[in-house]
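Here the structure comes first, spelled out in structure tokens, and everything after it is commentary.
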Amino acid sequence: MILGLARRWSVASYTLALLIVMPLIALILQSLMPDEAVFGHLIDTVLPTYISNSLLLMFWVVIGALLLAIPAAWLVAKCRFPGRNIFQWALLLPLAMPAYVVAYVYTDLLDYAGPVQRSLRGLLGWQTPHDYYFPEVRSLGGAAIMLALVLFPYIYLLARTAFLEQSASLGHAARVMGCSPWKSFWRLSLPMARPALAVGATLVAMETAADFATVSYFAVPTLTTAVYDTWFEYGSLTAAAKLSTIMLFVIFAMIGFERFARRKQQLFQKQSSPGELDSYSLSGVKAFAATGYCFGLLTLAFLLPFAILLQYAWGYFAESWNAKFFEYSFNSLWISLLVSVICVCIGIVLMFVRRVSPRRADMLPSRLASTGYALPGTVLAIGILVPFTQLDFAINDVAEYFGFEGPGLVLTGSAFILVCAFCIRFAAIAIGSIENSYKRISPSLDMASVTLGLTPKALLARVHIPLLRKGIFAGLLLVFIECMKELPAALLLRPIGFENLATYVFQFVSDEQLEHGALAAIVIVLVGLVPLIYLNRSLEQEK
Amino acid sequence: MATLQVSNVHSQYQKQVVLKGLDLTVEKGEIIALLGPSGCGKTTLLRAIAGLQHITEGEIAINGNTVVSDKEFVASEKRGIGMIFQDYALFPHLTVAENILFGVKIANKAQRVTRLDKMLSLVKLDGLGERYPHELSGGQQQRVSIARALAYEPEVLLLDEPFSNIDAKVRREMMLEIRHILKRHNISAVFVTHSKDEAFVFADKLALFNHGKIVQCGDAEKLYLCPQDKYVADFLGASNYLPAKVIADKTVSTLIGDIESDRPLTMALNDEAELLLRPQHLVISKNDKGLGEVIERRFLGHVCQYLVQIDDITLDVHSECLDINIGEKVAITVTRHHLILL
């Protein structure tokens, strides 16, 4: 704490935080505006379906992800079987797969014209679709399975950590009292991991609520696609804002639930100190089943879709390796770089003020600035369109008032709005990363520096920033990757004619010719693998 | 002029009053220990002196210059304070040399090197300048933090429990060594500790804290031998209390007999009070007709501790005599010293 910290630091951090929450406020204000025509029509017709689809989808994805993740997490944490050390990290790989790419690949495989149905027909002599029943891939259930396949690693990661942190002596106690591994899983491991599972399930539900591309591709109308359509088809910002506010309620309810679960999680984990793990050694059929399960899961969620992508890319390499591919890669690259640098600077300022300010009110900005990440990309996009359109009009009015020609849509019509949206959405990641790093710097270092004659600015430059290096790097990296992957906000906000890798790939998915975009999709997947390697390494180091 | 003058300082921390009107004076070259149980406010006072904690009332002056009062507040970085922390607070990204020169303002390179070499040899770390803090032992890290604080040439050195992370075996040696350095350079220091043993070894004067107040301040011997109340007496060592009545100028009557002091008593004739007796002031001897009975015996190495029951009072006696067993009758006498009535 620096008692004499100048007010300008607090002013700076409040300004940043307010800029970041601006879309949220604008969204809520806009949603209060009257707009009977479009929204009333939506309520009468499709809104109930949208809401029920959203909720059903979240429910099924969470159930699916739990069913996929818990056995894998328990096996990897508590048992020894062939390949365990590889599965331990490899089961995180599906996180790098955009769900819409997986959806596309499976549709291609499983629909009427796909190789699976074709060979079944060939084998069994069926002629027409009426001869047999095959589940429809492009349905709510299909979307749920696709999303569960790429989102289960969230639960897997949290559950594995929870299982690993359960003190070994508890397991010993259970064994001594005659609990078989199976019983001890149900009576001990699972109940103790419950808070972690709840947190994981909430994350999965939030990601599902935010998903745009998969449901759009499968033509399953949900709130997210509704927001998009309302804006693009009806052009009604107010109706879109109203829909977005409904989504916000759902999201904030889930955040509340997550906080609640996390509170309990701490309680659970404090009681048990992590002990030397003593795992069950599996052999024979059991070992085969364990390896088979993990390998099957990994294949379905990552290896198979990725292999197919590679095959597409190989087949269409000449067509895909073109100027457009480079242009859009470059667009993705510079936006992501710029945004990650801005986000890290925001994070440094906010966390520095939070750490050294003697004023209690200065704790708030970094919390406020973290809300952006909770907003689904579509919702954020609508939120940012509201003030930016107003600003654009204002700029043109002012210009015309002074007798100049209006400059047009300088904000909403340029990549600037995209950069702003990404900064708002991902600042939270940089803040979190720097906050974690700060926790490792002893507060007495600050006191030592200050008593040795350092001003606050010098303290930041000479002590904090060098010590935050790792957190800053991690923040840069994570924000960069999220920017490369972010689709819905980019789709809604990009200026006409502007594409980045994500929108480029999605265009091909929508047009049923991902083969041409496979190369770009591979780039997105590979970039997405970097944080997983990083995450896994830092987990290893903590052990 | 006093190096450090603390007058009537009050402070709050998270809405709790932690300091309730403190006065303290540190003369040039003096080492003062702020002693007390944890949570009594001693670290808060140290931070207030360093400018890391607000005070709500009172004044602090360093070398006659007010650094904080109702009207003034001098920022920490302008107070010229050296501070040593419990965890040493060495900058992990800097070498030992960079750490030591961290606060040194002189720009001349040759002078900086001279200062560094002087500091390194002062704390006996010659040749270790290029190491990083994590490559040093705990004691060496402690020395670097001392060198860093002294290189800054502070007006006053503040030490916050600096020895609590040091191995008990080398702690005493370390304390004497640092005390020697401070004395040789005539540096004024304020030292926070909860251990009376550390305070006795390291400091010239003790200021004993209780609930945000300084209960008694002075030489260690004076506080030990003439405590002003039971809290001070008990904090600084084991004590026995016997109900006593003043029956003469230098004599009190107690249940183990009349006891004579070697100096006049602080209380008037016929006053009743409790007589403070340290375990080593009591002499135990086997005596079948004695009033006391040994109820516990504990061998402590250099002495043997006996708990002796007389009526409903239990006395703690330290004696070099080892041949008394539990259940035996004993007589208790008192060696002649300055009797303290509380």
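Residues in the structure tokens are numbered from 1 in each chain, the chains being A, B, ... in the order shown, and ligands are numbered from 1 in the order shown.
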
- [ ] Would you list the contacts of region 165-173 of chain B as a PyMOL selection string, taking every protein, DNA or RNA residue within 12 Å and counting only C-alpha atoms, but skipping same-chain residues closer than 5 positions in sequence?
- [x] chain B and resi 85-88+137-143+160+178-180+197-202

Task: Distance query Glu77 (chain B) at most 7 Å, only C-alpha atoms, self and fewer than 6 positions along chain excluded, as a PyMOL selection string - done: chain A and resi 450-455

Let's have the selection written as a PDB file, in the first residue's frame, with N, CA and C atoms.
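Written file, result.pdb:
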ATOM      1  N   VAL A 450       9.449   1.263  -1.453  1.00  0.00           N
ATOM      2  CA  VAL A 450       8.995   2.598  -1.112  1.00  0.00           C
ATOM      3  C   VAL A 450       9.895   3.222  -0.046  1.00  0.00           C
ATOM      4  N   THR A 451      10.271   2.447   0.957  1.00  0.00           N
ATOM      5  CA  THR A 451      11.155   3.021   1.974  1.00  0.00           C
ATOM      6  C   THR A 451      12.538   3.279   1.395  1.00  0.00           C
ATOM      7  N   LEU A 452      12.895   2.585   0.316  1.00  0.00           N
ATOM      8  CA  LEU A 452      14.194   2.848  -0.322  1.00  0.00           C
ATOM      9  C   LEU A 452      14.111   4.006  -1.307  1.00  0.00           C
ATOM     10  N   GLY A 453      13.010   4.722  -1.303  1.00  0.00           N
ATOM     11  CA  GLY A 453      12.938   5.964  -2.063  1.00  0.00           C
ATOM     12  C   GLY A 453      12.319   5.866  -3.440  1.00  0.00           C
ATOM     13  N   LEU A 454      11.578   4.778  -3.756  1.00  0.00           N
ATOM     14  CA  LEU A 454      10.986   4.667  -5.087  1.00  0.00           C
ATOM     15  C   LEU A 454       9.623   5.356  -5.145  1.00  0.00           C
ATOM     16  N   THR A 455       9.382   6.077  -6.242  1.00  0.00           N
ATOM     17  CA  THR A 455       8.051   6.644  -6.457  1.00  0.00           C
ATOM     18  C   THR A 455       7.153   5.527  -6.991  1.00  0.00           C
TER      19      THR A 455
END

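Interatomic distance, CA of Leu91 (chain A) to CA of Ile155 (chain A): 11.0 Å.
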
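Nearest residue to chain A among B:Lys71, B:Lys28, B:Lys213, B:Lys78 is B:Lys78, counting only C-alpha atoms.
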
Task: chain A residues near chain B (10 Å cut-off, only C-alpha atoms) as a ChimeraX atom specification - done: /A:1-5,358,441-456,462-464,466-467

Output N, CA and C atoms of each residue in that selection to a file, as a short mmCIF file (atom, residue, chain, number, x, y, z; two decimals), in the first residue's frame.
data_model
loop_
_atom_site.label_atom_id
_atom_site.label_comp_id
_atom_site.auth_asym_id
_atom_site.auth_seq_id
_atom_site.Cartn_x
_atom_site.Cartn_y
_atom_site.Cartn_z
N MET A 1 0.83 -1.20 0.00
CA MET A 1 0.00 0.00 0.00
C MET A 1 0.87 1.25 0.00
N ILE A 2 0.53 2.20 -0.86
CA ILE A 2 1.26 3.47 -0.87
C ILE A 2 0.28 4.55 -0.42
N LEU A 3 0.52 5.07 0.79
CA LEU A 3 -0.48 5.97 1.37
C LEU A 3 -0.64 7.23 0.53
N GLY A 4 0.46 7.70 -0.06
CA GLY A 4 0.38 8.97 -0.78
C GLY A 4 0.11 8.82 -2.27
N LEU A 5 -0.47 7.69 -2.70
CA LEU A 5 -0.68 7.47 -4.14
C LEU A 5 -1.55 8.58 -4.73
N PRO A 358 -4.35 3.03 -1.35
CA PRO A 358 -4.87 2.94 0.01
C PRO A 358 -6.38 3.13 0.05
N ILE A 441 3.95 -11.97 -5.53
CA ILE A 441 4.91 -10.95 -5.12
C ILE A 441 4.61 -10.55 -3.69
N SER A 442 5.57 -10.76 -2.82
CA SER A 442 5.35 -10.46 -1.40
C SER A 442 5.11 -8.97 -1.21
N PRO A 443 4.10 -8.61 -0.40
CA PRO A 443 3.81 -7.19 -0.18
C PRO A 443 4.99 -6.46 0.46
N SER A 444 5.86 -7.18 1.14
CA SER A 444 6.98 -6.49 1.77
C SER A 444 7.96 -5.94 0.73
N LEU A 445 7.93 -6.51 -0.51
CA LEU A 445 8.77 -5.94 -1.56
C LEU A 445 8.34 -4.51 -1.87
N ASP A 446 7.02 -4.28 -1.86
CA ASP A 446 6.52 -2.92 -2.11
C ASP A 446 7.01 -1.99 -1.02
N MET A 447 6.89 -2.46 0.23
CA MET A 447 7.29 -1.61 1.35
C MET A 447 8.78 -1.33 1.30
N ALA A 448 9.54 -2.37 0.96
CA ALA A 448 10.98 -2.17 0.87
C ALA A 448 11.31 -1.13 -0.20
N SER A 449 10.67 -1.24 -1.37
CA SER A 449 10.97 -0.31 -2.46
C SER A 449 10.62 1.11 -2.06
N VAL A 450 9.45 1.26 -1.45
CA VAL A 450 8.99 2.60 -1.11
C VAL A 450 9.90 3.22 -0.05
N THR A 451 10.27 2.45 0.96
CA THR A 451 11.16 3.02 1.97
C THR A 451 12.54 3.28 1.39
N LEU A 452 12.89 2.58 0.32
CA LEU A 452 14.19 2.85 -0.32
C LEU A 452 14.11 4.01 -1.31
N GLY A 453 13.01 4.72 -1.30
CA GLY A 453 12.94 5.96 -2.06
C GLY A 453 12.32 5.87 -3.44
N LEU A 454 11.58 4.78 -3.76
CA LEU A 454 10.99 4.67 -5.09
C LEU A 454 9.62 5.36 -5.15
N THR A 455 9.38 6.08 -6.24
CA THR A 455 8.05 6.64 -6.46
C THR A 455 7.15 5.53 -6.99
N PRO A 456 5.82 5.72 -6.94
CA PRO A 456 4.93 4.66 -7.44
C PRO A 456 5.26 4.24 -8.87
N ARG A 462 10.36 -0.70 -12.07
CA ARG A 462 11.59 -1.37 -11.67
C ARG A 462 11.37 -2.65 -10.90
N VAL A 463 10.22 -2.76 -10.22
CA VAL A 463 10.00 -3.96 -9.41
C VAL A 463 8.84 -4.81 -9.95
N HIS A 464 7.66 -4.19 -10.09
CA HIS A 464 6.50 -5.01 -10.45
C HIS A 464 6.61 -5.60 -11.85
N PRO A 466 9.11 -6.23 -13.96
CA PRO A 466 10.03 -7.36 -14.12
C PRO A 466 9.54 -8.63 -13.42
N LEU A 467 8.89 -8.47 -12.28
CA LEU A 467 8.43 -9.66 -11.56
C LEU A 467 7.14 -10.22 -12.15
#

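Excluding region 239-247 of chain B and any residue on its chain fewer than 2 positions from it, the residues at most 6 Å away by only C-alpha atoms are Thr251, Val252, Ser253, Thr254, Leu269, Asn270, Asp271, Glu272, Ala273, Glu274, Leu275, Leu276, Leu277, Arg278 and Leu315 of chain B.
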
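Between Ala189 (chain B) and the candidates B:Met174, B:Leu4, B:Ala61, B:Val123, the tightest atom-to-atom separation, counting only C-alpha atoms, involves B:Leu4.
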
TODO: For CA of Cys343 (chain A) and CA of Phe388 (chain A), determine how far apart the two atoms are, in Å to one decimal place.
DONE: 19.9 Å

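With only C-alpha atoms taken into account, the protein and nucleic acid residues at most 9 Å from region 314-322 of chain A (excluding it and anything under 6 positions from it in its own chain) are Glu515, His516, Gly517, Ala518, Leu519 and Ala520 of chain A.
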
Open item on the list: as a PyMOL selection string, please: the residues near region 77-88 of chain A (cut-off 6 Å, only C-alpha atoms, same-chain neighbours under 6 positions excluded).
Closed with: chain A and resi 160+164+279-282+287

Task: Best match for closeness to Leu150 (chain B) among B:Leu116, B:Ala233, B:Val9, B:Cys304, counting only C-alpha atoms - done: B:Leu116

Name all residues at most 10 Å from Phe185 (chain A) (count only C-alpha atoms; drop same-chain ones fewer than 6 positions away) and give them as a PDB file with N, CA and C atoms, in the first residue's frame.
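Below you can see selection34.pdb, which holds the result:
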ATOM      1  N   TRP A  74     -11.528 -39.295 -13.460  1.00  0.00           N
ATOM      2  CA  TRP A  74     -11.263 -40.202 -12.348  1.00  0.00           C
ATOM      3  C   TRP A  74     -10.208 -41.234 -12.726  1.00  0.00           C
ATOM      4  N   LYS A  78      -6.826 -41.267 -10.647  1.00  0.00           N
ATOM      5  CA  LYS A  78      -6.728 -42.256  -9.572  1.00  0.00           C
ATOM      6  C   LYS A  78      -6.215 -43.624 -10.013  1.00  0.00           C
ATOM      7  N   PHE A 163      -9.922 -34.384  -7.974  1.00  0.00           N
ATOM      8  CA  PHE A 163      -9.605 -35.757  -7.573  1.00  0.00           C
ATOM      9  C   PHE A 163      -8.168 -35.855  -7.061  1.00  0.00           C
ATOM     10  N   GLY A 171      -8.504 -41.659   1.156  1.00  0.00           N
ATOM     11  CA  GLY A 171      -8.631 -42.874   0.374  1.00  0.00           C
ATOM     12  C   GLY A 171      -8.178 -44.100   1.159  1.00  0.00           C
ATOM     13  N   CYS A 179     -13.738 -50.284   1.574  1.00  0.00           N
ATOM     14  CA  CYS A 179     -14.356 -49.708   0.387  1.00  0.00           C
ATOM     15  C   CYS A 179     -13.611 -50.170  -0.855  1.00  0.00           C
ATOM     16  N   PRO A 191     -18.585 -37.120  -4.237  1.00  0.00           N
ATOM     17  CA  PRO A 191     -19.159 -36.050  -3.405  1.00  0.00           C
ATOM     18  C   PRO A 191     -18.159 -34.941  -3.102  1.00  0.00           C
ATOM     19  N   MET A 192     -16.888 -35.299  -2.910  1.00  0.00           N
ATOM     20  CA  MET A 192     -15.916 -34.258  -2.573  1.00  0.00           C
ATOM     21  C   MET A 192     -15.597 -33.380  -3.770  1.00  0.00           C
TER      22      MET A 192
END
